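Raw my_file.cif, mmCIF, C-alpha atoms:
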data_final
loop_
_atom_site.label_atom_id
_atom_site.label_comp_id
_atom_site.auth_asym_id
_atom_site.auth_seq_id
_atom_site.Cartn_x
_atom_site.Cartn_y
_atom_site.Cartn_z
CA GLY A 267 0.00 0.00 0.00
CA ASP A 268 0.88 3.66 -0.08
CA SER A 269 3.28 4.97 2.54
CA VAL A 270 5.48 7.93 3.48
CA THR A 271 8.81 7.62 5.26
CA GLN A 272 10.55 10.59 6.86
CA MET A 273 13.90 10.92 8.51
CA GLU A 274 13.70 10.69 12.26
CA GLY A 275 14.30 13.72 14.38
CA PRO A 276 14.96 15.74 16.21
CA VAL A 277 17.13 17.78 13.90
CA THR A 278 19.07 20.50 15.68
CA LEU A 279 20.74 23.25 13.65
CA SER A 280 22.34 26.60 14.25
CA GLU A 281 20.74 29.68 12.76
CA GLU A 282 21.65 30.20 9.07
CA ALA A 283 22.55 26.53 8.59
CA PHE A 284 21.33 24.53 5.59
CA LEU A 285 18.38 22.24 6.18
CA THR A 286 17.43 18.98 4.51
CA ILE A 287 14.63 16.74 5.75
CA ASN A 288 14.34 13.55 3.75
CA CYS A 289 11.04 12.11 2.62
CA THR A 290 10.44 9.07 0.42
CA TYR A 291 7.15 7.55 -0.62
CA THR A 292 5.53 4.51 -2.15
CA ALA A 293 2.31 4.87 -4.09
CA THR A 294 0.20 2.76 -6.41
CA GLY A 295 -1.29 5.67 -8.33
CA TYR A 296 -0.18 9.19 -9.24
CA PRO A 297 0.28 10.97 -5.93
CA SER A 298 0.47 14.62 -5.10
CA LEU A 299 3.04 15.43 -2.44
CA PHE A 300 2.91 17.91 0.40
CA TRP A 301 4.91 19.33 3.27
CA TYR A 302 2.97 20.50 6.29
CA VAL A 303 4.41 22.38 9.27
CA GLN A 304 3.16 22.32 12.86
CA TYR A 305 4.28 25.15 15.11
CA PRO A 306 4.08 24.63 18.88
CA GLY A 307 0.51 24.58 20.13
CA GLU A 308 -0.98 24.84 16.66
CA GLY A 309 -2.50 22.57 14.05
CA LEU A 310 -0.77 21.55 10.85
CA GLN A 311 -0.63 24.04 8.01
CA LEU A 312 0.37 23.54 4.42
CA LEU A 313 3.93 24.66 3.66
CA LEU A 314 4.24 23.62 0.01
CA LYS A 315 3.02 21.06 -2.48
CA ALA A 316 3.80 19.47 -5.86
CA THR A 317 1.29 17.68 -8.03
CA LYS A 318 3.41 15.93 -10.68
CA ALA A 319 6.90 14.65 -11.35
CA ASP A 320 9.66 17.30 -11.52
CA ASP A 321 7.42 19.97 -10.01
CA LYS A 322 9.10 22.14 -7.40
CA GLY A 323 7.05 23.47 -4.52
CA SER A 324 8.35 26.51 -2.66
CA ASN A 325 7.24 28.78 0.15
CA LYS A 326 8.91 30.93 2.83
CA GLY A 327 12.37 29.94 1.56
CA PHE A 328 11.60 26.22 1.71
CA GLU A 329 11.74 24.08 -1.43
CA ALA A 330 11.00 20.49 -2.37
CA THR A 331 11.17 18.77 -5.76
CA TYR A 332 8.97 15.84 -6.74
CA ARG A 333 11.42 13.15 -7.90
CA LYS A 334 9.57 10.22 -9.39
CA GLU A 335 12.74 8.29 -10.26
CA THR A 336 13.85 8.23 -6.62
CA THR A 337 10.29 8.46 -5.15
CA SER A 338 11.46 11.35 -2.99
CA PHE A 339 10.28 14.80 -1.92
CA HIS A 340 13.05 16.16 0.30
CA LEU A 341 12.51 19.48 2.05
CA GLU A 342 15.34 22.02 1.90
CA LYS A 343 16.06 25.53 3.10
CA GLY A 344 19.26 27.41 2.53
CA SER A 345 19.37 29.35 5.79
CA VAL A 346 17.14 28.42 8.71
CA GLN A 347 15.91 30.82 11.37
CA VAL A 348 14.91 30.27 14.98
CA SER A 349 11.31 30.85 13.89
CA ASP A 350 11.50 27.74 11.67
CA SER A 351 11.57 25.54 14.78
CA ALA A 352 8.56 23.25 14.33
CA VAL A 353 7.53 19.75 13.34
CA TYR A 354 7.49 19.05 9.61
CA PHE A 355 5.25 16.41 8.04
CA CYS A 356 5.56 14.94 4.58
CA ALA A 357 2.28 13.69 3.09
CA LEU A 358 0.86 12.26 -0.08
CA SER A 359 -2.54 12.21 -1.69
CA ASP A 360 -3.10 9.45 -4.18
CA ARG A 361 -5.26 10.67 -7.01
CA GLY A 362 -5.32 7.33 -8.79
CA SER A 363 -7.14 5.45 -6.10
CA GLY A 364 -10.59 6.94 -6.53
CA THR A 365 -11.10 6.78 -2.79
CA TYR A 366 -9.81 8.70 0.15
CA LYS A 367 -6.09 8.35 0.57
CA TYR A 368 -4.12 11.08 2.30
CA ILE A 369 -1.13 9.68 4.14
CA PHE A 370 1.15 11.52 6.58
CA GLY A 371 4.67 10.68 7.62
CA THR A 372 5.63 10.53 11.29
CA GLY A 373 6.92 14.10 11.38
CA THR A 374 10.43 15.49 11.91
CA ARG A 375 11.05 17.93 14.72
CA LEU A 376 13.40 20.79 13.84
CA LYS A 377 15.06 22.91 16.50
CA VAL A 378 17.05 25.95 15.42
CA LEU A 379 19.42 27.51 17.92
CA ALA A 380 20.36 31.19 17.91
CA ASN B 115 -12.20 33.78 9.23
CA ALA B 116 -11.67 31.52 12.20
CA GLY B 117 -10.90 28.50 9.96
CA VAL B 118 -11.21 25.22 11.85
CA THR B 119 -11.89 25.44 15.56
CA GLN B 120 -11.80 22.61 18.09
CA THR B 121 -12.94 22.35 21.68
CA PRO B 122 -11.80 21.53 24.25
CA LYS B 123 -8.03 22.05 24.02
CA PHE B 124 -7.28 19.60 26.81
CA ARG B 125 -9.26 16.92 28.60
CA ILE B 126 -8.61 14.18 31.11
CA LEU B 127 -11.07 11.29 31.18
CA LYS B 128 -11.43 8.30 33.41
CA ILE B 129 -11.67 4.84 31.87
CA GLY B 130 -15.23 4.16 30.76
CA GLN B 131 -16.28 7.79 30.53
CA SER B 132 -17.63 9.31 27.33
CA MET B 133 -17.10 12.67 25.68
CA THR B 134 -17.61 14.58 22.47
CA LEU B 135 -14.85 16.51 20.74
CA GLN B 136 -16.28 19.47 18.87
CA CYS B 137 -15.10 20.67 15.46
CA THR B 138 -16.43 23.58 13.44
CA GLN B 139 -15.25 25.13 10.18
CA ASP B 140 -16.42 28.38 8.62
CA MET B 141 -14.96 27.92 5.14
CA ASN B 142 -17.99 26.10 3.70
CA HIS B 143 -15.87 23.02 3.02
CA ASN B 144 -17.72 19.85 2.17
CA TYR B 145 -14.94 17.52 3.31
CA MET B 146 -14.02 17.07 6.94
CA TYR B 147 -11.73 14.66 8.78
CA TRP B 148 -10.75 13.45 12.21
CA TYR B 149 -7.19 12.31 12.86
CA ARG B 150 -5.34 11.12 15.91
CA GLN B 151 -1.65 11.67 16.46
CA ASP B 152 0.14 9.37 18.86
CA PRO B 153 3.63 10.25 20.14
CA GLY B 154 6.27 9.60 17.49
CA MET B 155 3.65 8.55 14.96
CA GLY B 156 2.07 10.12 11.94
CA LEU B 157 -1.55 11.13 11.74
CA LYS B 158 -4.04 8.31 11.50
CA LEU B 159 -7.46 8.93 9.96
CA ILE B 160 -10.37 8.02 12.25
CA TYR B 161 -13.42 9.11 10.24
CA TYR B 162 -14.16 11.45 7.41
CA SER B 163 -17.18 13.08 5.83
CA VAL B 164 -17.83 14.17 2.26
CA GLY B 165 -20.85 16.29 3.12
CA ALA B 166 -23.71 16.76 5.54
CA GLY B 167 -25.29 13.41 6.36
CA ILE B 168 -22.44 11.35 4.85
CA THR B 169 -19.63 9.83 6.90
CA ASP B 170 -17.21 6.96 6.41
CA LYS B 171 -14.61 5.07 8.38
CA GLY B 172 -10.93 5.76 8.13
CA GLU B 173 -7.99 3.70 9.24
CA VAL B 174 -8.71 3.53 13.01
CA PRO B 175 -12.47 3.99 13.65
CA ASN B 176 -12.96 1.54 16.53
CA GLY B 177 -14.15 3.19 19.73
CA TYR B 178 -15.35 6.34 17.98
CA ASN B 179 -18.49 7.67 16.34
CA VAL B 180 -19.19 10.73 14.25
CA SER B 181 -22.13 12.62 12.84
CA ARG B 182 -22.46 15.40 10.28
CA SER B 183 -25.78 17.16 10.51
CA THR B 184 -24.50 20.46 9.08
CA THR B 185 -21.73 21.51 6.71
CA GLU B 186 -19.99 23.39 9.54
CA ASP B 187 -19.91 20.83 12.34
CA PHE B 188 -18.28 17.41 12.63
CA PRO B 189 -18.24 16.17 16.23
CA LEU B 190 -16.31 13.07 17.30
CA ARG B 191 -17.80 10.93 20.04
CA LEU B 192 -15.75 8.67 22.30
CA GLU B 193 -17.78 6.01 24.05
CA LEU B 194 -16.27 4.06 26.96
CA ALA B 195 -12.88 5.77 26.93
CA ALA B 196 -9.82 3.53 27.12
CA PRO B 197 -6.14 4.36 27.82
CA SER B 198 -5.37 3.45 24.18
CA GLN B 199 -7.35 6.52 23.16
CA THR B 200 -4.87 8.84 24.85
CA SER B 201 -3.72 10.96 21.94
CA VAL B 202 -3.90 14.35 20.25
CA TYR B 203 -6.95 14.67 18.03
CA PHE B 204 -7.02 16.92 15.00
CA CYS B 205 -9.99 17.96 12.93
CA ALA B 206 -9.40 19.10 9.36
CA SER B 207 -11.37 20.21 6.33
CA SER B 208 -10.79 20.60 2.63
CA ARG B 209 -12.59 22.15 -0.31
CA LEU B 210 -12.07 19.45 -2.91
CA VAL B 211 -12.36 15.71 -2.97
CA PRO B 212 -9.96 13.87 -0.63
CA SER B 213 -8.06 12.11 -3.39
CA SER B 214 -7.16 15.39 -5.09
CA PHE B 215 -4.18 17.64 -4.55
CA ASP B 216 -6.18 19.93 -2.31
CA GLU B 217 -4.84 21.40 0.91
CA GLN B 218 -6.28 20.33 4.23
CA PHE B 219 -6.90 22.95 6.90
CA PHE B 220 -6.34 21.82 10.46
CA GLY B 221 -7.67 22.85 13.82
CA PRO B 222 -5.29 23.37 16.76
CA GLY B 223 -5.99 19.93 18.24
CA THR B 224 -7.40 18.43 21.43
CA ARG B 225 -5.02 16.69 23.81
CA LEU B 226 -6.89 13.83 25.48
CA THR B 227 -5.60 11.72 28.35
CA VAL B 228 -7.48 8.66 29.58
CA LEU B 229 -6.50 7.44 33.04
#

Mind turning this structure into structure tokens?
Amino acid sequence: GDSVTQMEGPVTLSEEAFLTINCTYTATGYPSLFWYVQYPGEGLQLLLKATKADDKGSNKGFEATYRKETTSFHLEKGSVQVSDSAVYFCALSDRGSGTYKYIFGTGTRLKVLA
Amino acid sequence: NAGVTQTPKFRILKIGQSMTLQCTQDMNHNYMYWYRQDPGMGLKLIYYSVGAGITDKGEVPNGYNVSRSTTEDFPLRLELAAPSQTSVYFCASSRLVPSSFDEQFFGPGTRLTVL
């Protein structure tokens, strides 16, 4: 079945460091891919998305490219800030299934130190 | 817009007690969802609804019930609470069909502890 695998956290970085959070997926159909972010005490909110192979989603300095050949959707940011400290979730929605299928990874906690 | 609101924020239940988690959205979304998030785990879908009067089971529906009498409200009922239901519960909604590329909007969550 469909699944999403994320790197385990926590990830601790200094301010202005480069960030990569790995995400790989398996899907039977033609999934769309998402990154959600959860700030402390809040619900998840969409950070970026990509709907087909080679698409690049970007928002707030974060980027992720939909790589069908490696079934990956890694999240990157060139220079993190303390305010980026949060939990990041990779997710997929499988359009080919015809039924509900929206699968979340386990989340990766990021802590950025000043 | 308030978006998706959930009440209560926190609750402690004793084993065997019942409660209802409230969820309301003001975006006129047809699709609504209940998830639970256990420590170190991803979100698991409990129930979802594609419109008023229509609900369906998700991945982990046992021990829960839902209803959808209006577009705005999607309460989750826990009957006979068990320690295994200790979790954080999130309600979400979306505009388009669940299998599309549409964004889901989440409430802030309810942290439930069953002792």

Task: At most 10 Å to chain A: residues in chain B, only C-alpha atoms, as an NGL selection string - done: :B and (118-119 or 123 or 151-159 or 162 or 164 or 170 or 172 or 203-206 or 211-224)

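With only C-alpha atoms as the atoms that count, the residue of B:Val202, B:Asp140, B:Pro197, B:Thr184 with the shortest distance to Gly117 (chain B) is B:Asp140.
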
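In terms of minimum interatomic distance to Ala166 (chain B), B:Val180 ranks closest within B:Thr227, B:Leu135, B:Glu193, B:Val180, counting all atoms listed in the file.
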
Open item on the list: For a test of reading the model, state the distance in Å between CA of Lys326 (chain A) and CA of Thr290 (chain A), rounded to one decimal.
Closed with: 22.0 Å

Task: Point (15.3, 20.8, 3.4), cut-off 10 Å, counting all atoms listed in the file, residues as a PyMOL selection string - done: chain A and resi 284-289+327-330+339-346

Mind dumping the selected residues with C-alpha atoms as an mmCIF file, in the coordinates of the input?
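Below you can see selection.cif, which holds the result:
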data_model
loop_
_atom_site.group_PDB
_atom_site.id
_atom_site.type_symbol
_atom_site.label_atom_id
_atom_site.label_comp_id
_atom_site.auth_asym_id
_atom_site.auth_seq_id
_atom_site.Cartn_x
_atom_site.Cartn_y
_atom_site.Cartn_z
ATOM 1 C CA PHE A 284 21.330 24.530 5.590
ATOM 2 C CA LEU A 285 18.380 22.240 6.180
ATOM 3 C CA THR A 286 17.430 18.980 4.510
ATOM 4 C CA ILE A 287 14.630 16.740 5.750
ATOM 5 C CA ASN A 288 14.340 13.550 3.750
ATOM 6 C CA CYS A 289 11.040 12.110 2.620
ATOM 7 C CA GLY A 327 12.370 29.940 1.560
ATOM 8 C CA PHE A 328 11.600 26.220 1.710
ATOM 9 C CA GLU A 329 11.740 24.080 -1.430
ATOM 10 C CA ALA A 330 11.000 20.490 -2.370
ATOM 11 C CA PHE A 339 10.280 14.800 -1.920
ATOM 12 C CA HIS A 340 13.050 16.160 0.300
ATOM 13 C CA LEU A 341 12.510 19.480 2.050
ATOM 14 C CA GLU A 342 15.340 22.020 1.900
ATOM 15 C CA LYS A 343 16.060 25.530 3.100
ATOM 16 C CA GLY A 344 19.260 27.410 2.530
ATOM 17 C CA SER A 345 19.370 29.350 5.790
ATOM 18 C CA VAL A 346 17.140 28.420 8.710
#

Chain and number of each residue from the PyMOL selection byres ((chain B and resi 187) around 10), as a compact mmCIF listing (two decimals) with C-alpha atoms, keeping the file's coordinate frame:
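The result, written out as selection_32.txt:
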# COMPACT_ATOMS: atom_id res chain seq x y z
CA VAL B 118 -11.21 25.22 11.85
CA THR B 119 -11.89 25.44 15.56
CA GLN B 136 -16.28 19.47 18.87
CA CYS B 137 -15.10 20.67 15.46
CA THR B 138 -16.43 23.58 13.44
CA GLN B 139 -15.25 25.13 10.18
CA ASP B 140 -16.42 28.38 8.62
CA MET B 146 -14.02 17.07 6.94
CA ALA B 166 -23.71 16.76 5.54
CA SER B 181 -22.13 12.62 12.84
CA ARG B 182 -22.46 15.40 10.28
CA SER B 183 -25.78 17.16 10.51
CA THR B 184 -24.50 20.46 9.08
CA THR B 185 -21.73 21.51 6.71
CA GLU B 186 -19.99 23.39 9.54
CA PHE B 188 -18.28 17.41 12.63
CA PRO B 189 -18.24 16.17 16.23
CA LEU B 190 -16.31 13.07 17.30

- [ ] Would you please work out which residue, of A:Ser269, A:Asp320, A:Thr278, A:Val303, is nearest to Thr336 (chain A) when using all atoms listed in the file?
- [x] A:Asp320

Task: For CA of Met273 (chain A) and CA of Ser201 (chain B), the interatomic separation in Å (one decimal) - done: 22.2 Å

Would you kindly translate the PyMOL selection byres ((chain B and resi 130) around 7) into the concrete residues it picks from this file, as a PDB file with C-alpha atoms, in the coordinates of the input?
ATOM      1  CA  LYS B 128     -11.430   8.300  33.410  1.00  0.00           C
ATOM      2  CA  ILE B 129     -11.670   4.840  31.870  1.00  0.00           C
ATOM      3  CA  GLN B 131     -16.280   7.790  30.530  1.00  0.00           C
ATOM      4  CA  SER B 132     -17.630   9.310  27.330  1.00  0.00           C
ATOM      5  CA  LEU B 194     -16.270   4.060  26.960  1.00  0.00           C
ATOM      6  CA  ALA B 195     -12.880   5.770  26.930  1.00  0.00           C
ATOM      7  CA  ALA B 196      -9.820   3.530  27.120  1.00  0.00           C
TER       8      ALA B 196
END

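Note on the selection: in this file the PyMOL selection byres ((chain A and resi 293) around 7) comes out as Gly267, Asp268, Ser269, Tyr291, Thr292, Thr294, Gly295 and Pro297 of chain A.
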
I need the residues from that last selection saved to file as a PDB file, in the frame of the given file (with C-alpha atoms), if you can.
ATOM      1  CA  GLY A 267       0.000   0.000   0.000  1.00  0.00           C
ATOM      2  CA  ASP A 268       0.880   3.660  -0.080  1.00  0.00           C
ATOM      3  CA  SER A 269       3.280   4.970   2.540  1.00  0.00           C
ATOM      4  CA  TYR A 291       7.150   7.550  -0.620  1.00  0.00           C
ATOM      5  CA  THR A 292       5.530   4.510  -2.150  1.00  0.00           C
ATOM      6  CA  THR A 294       0.200   2.760  -6.410  1.00  0.00           C
ATOM      7  CA  GLY A 295      -1.290   5.670  -8.330  1.00  0.00           C
ATOM      8  CA  PRO A 297       0.280  10.970  -5.930  1.00  0.00           C
TER       9      PRO A 297
END

TODO: One decimal, Å: what's the distance from CA of Arg125 (chain B) over to CA of Asn179 (chain B), could you say?
DONE: 17.9 Å
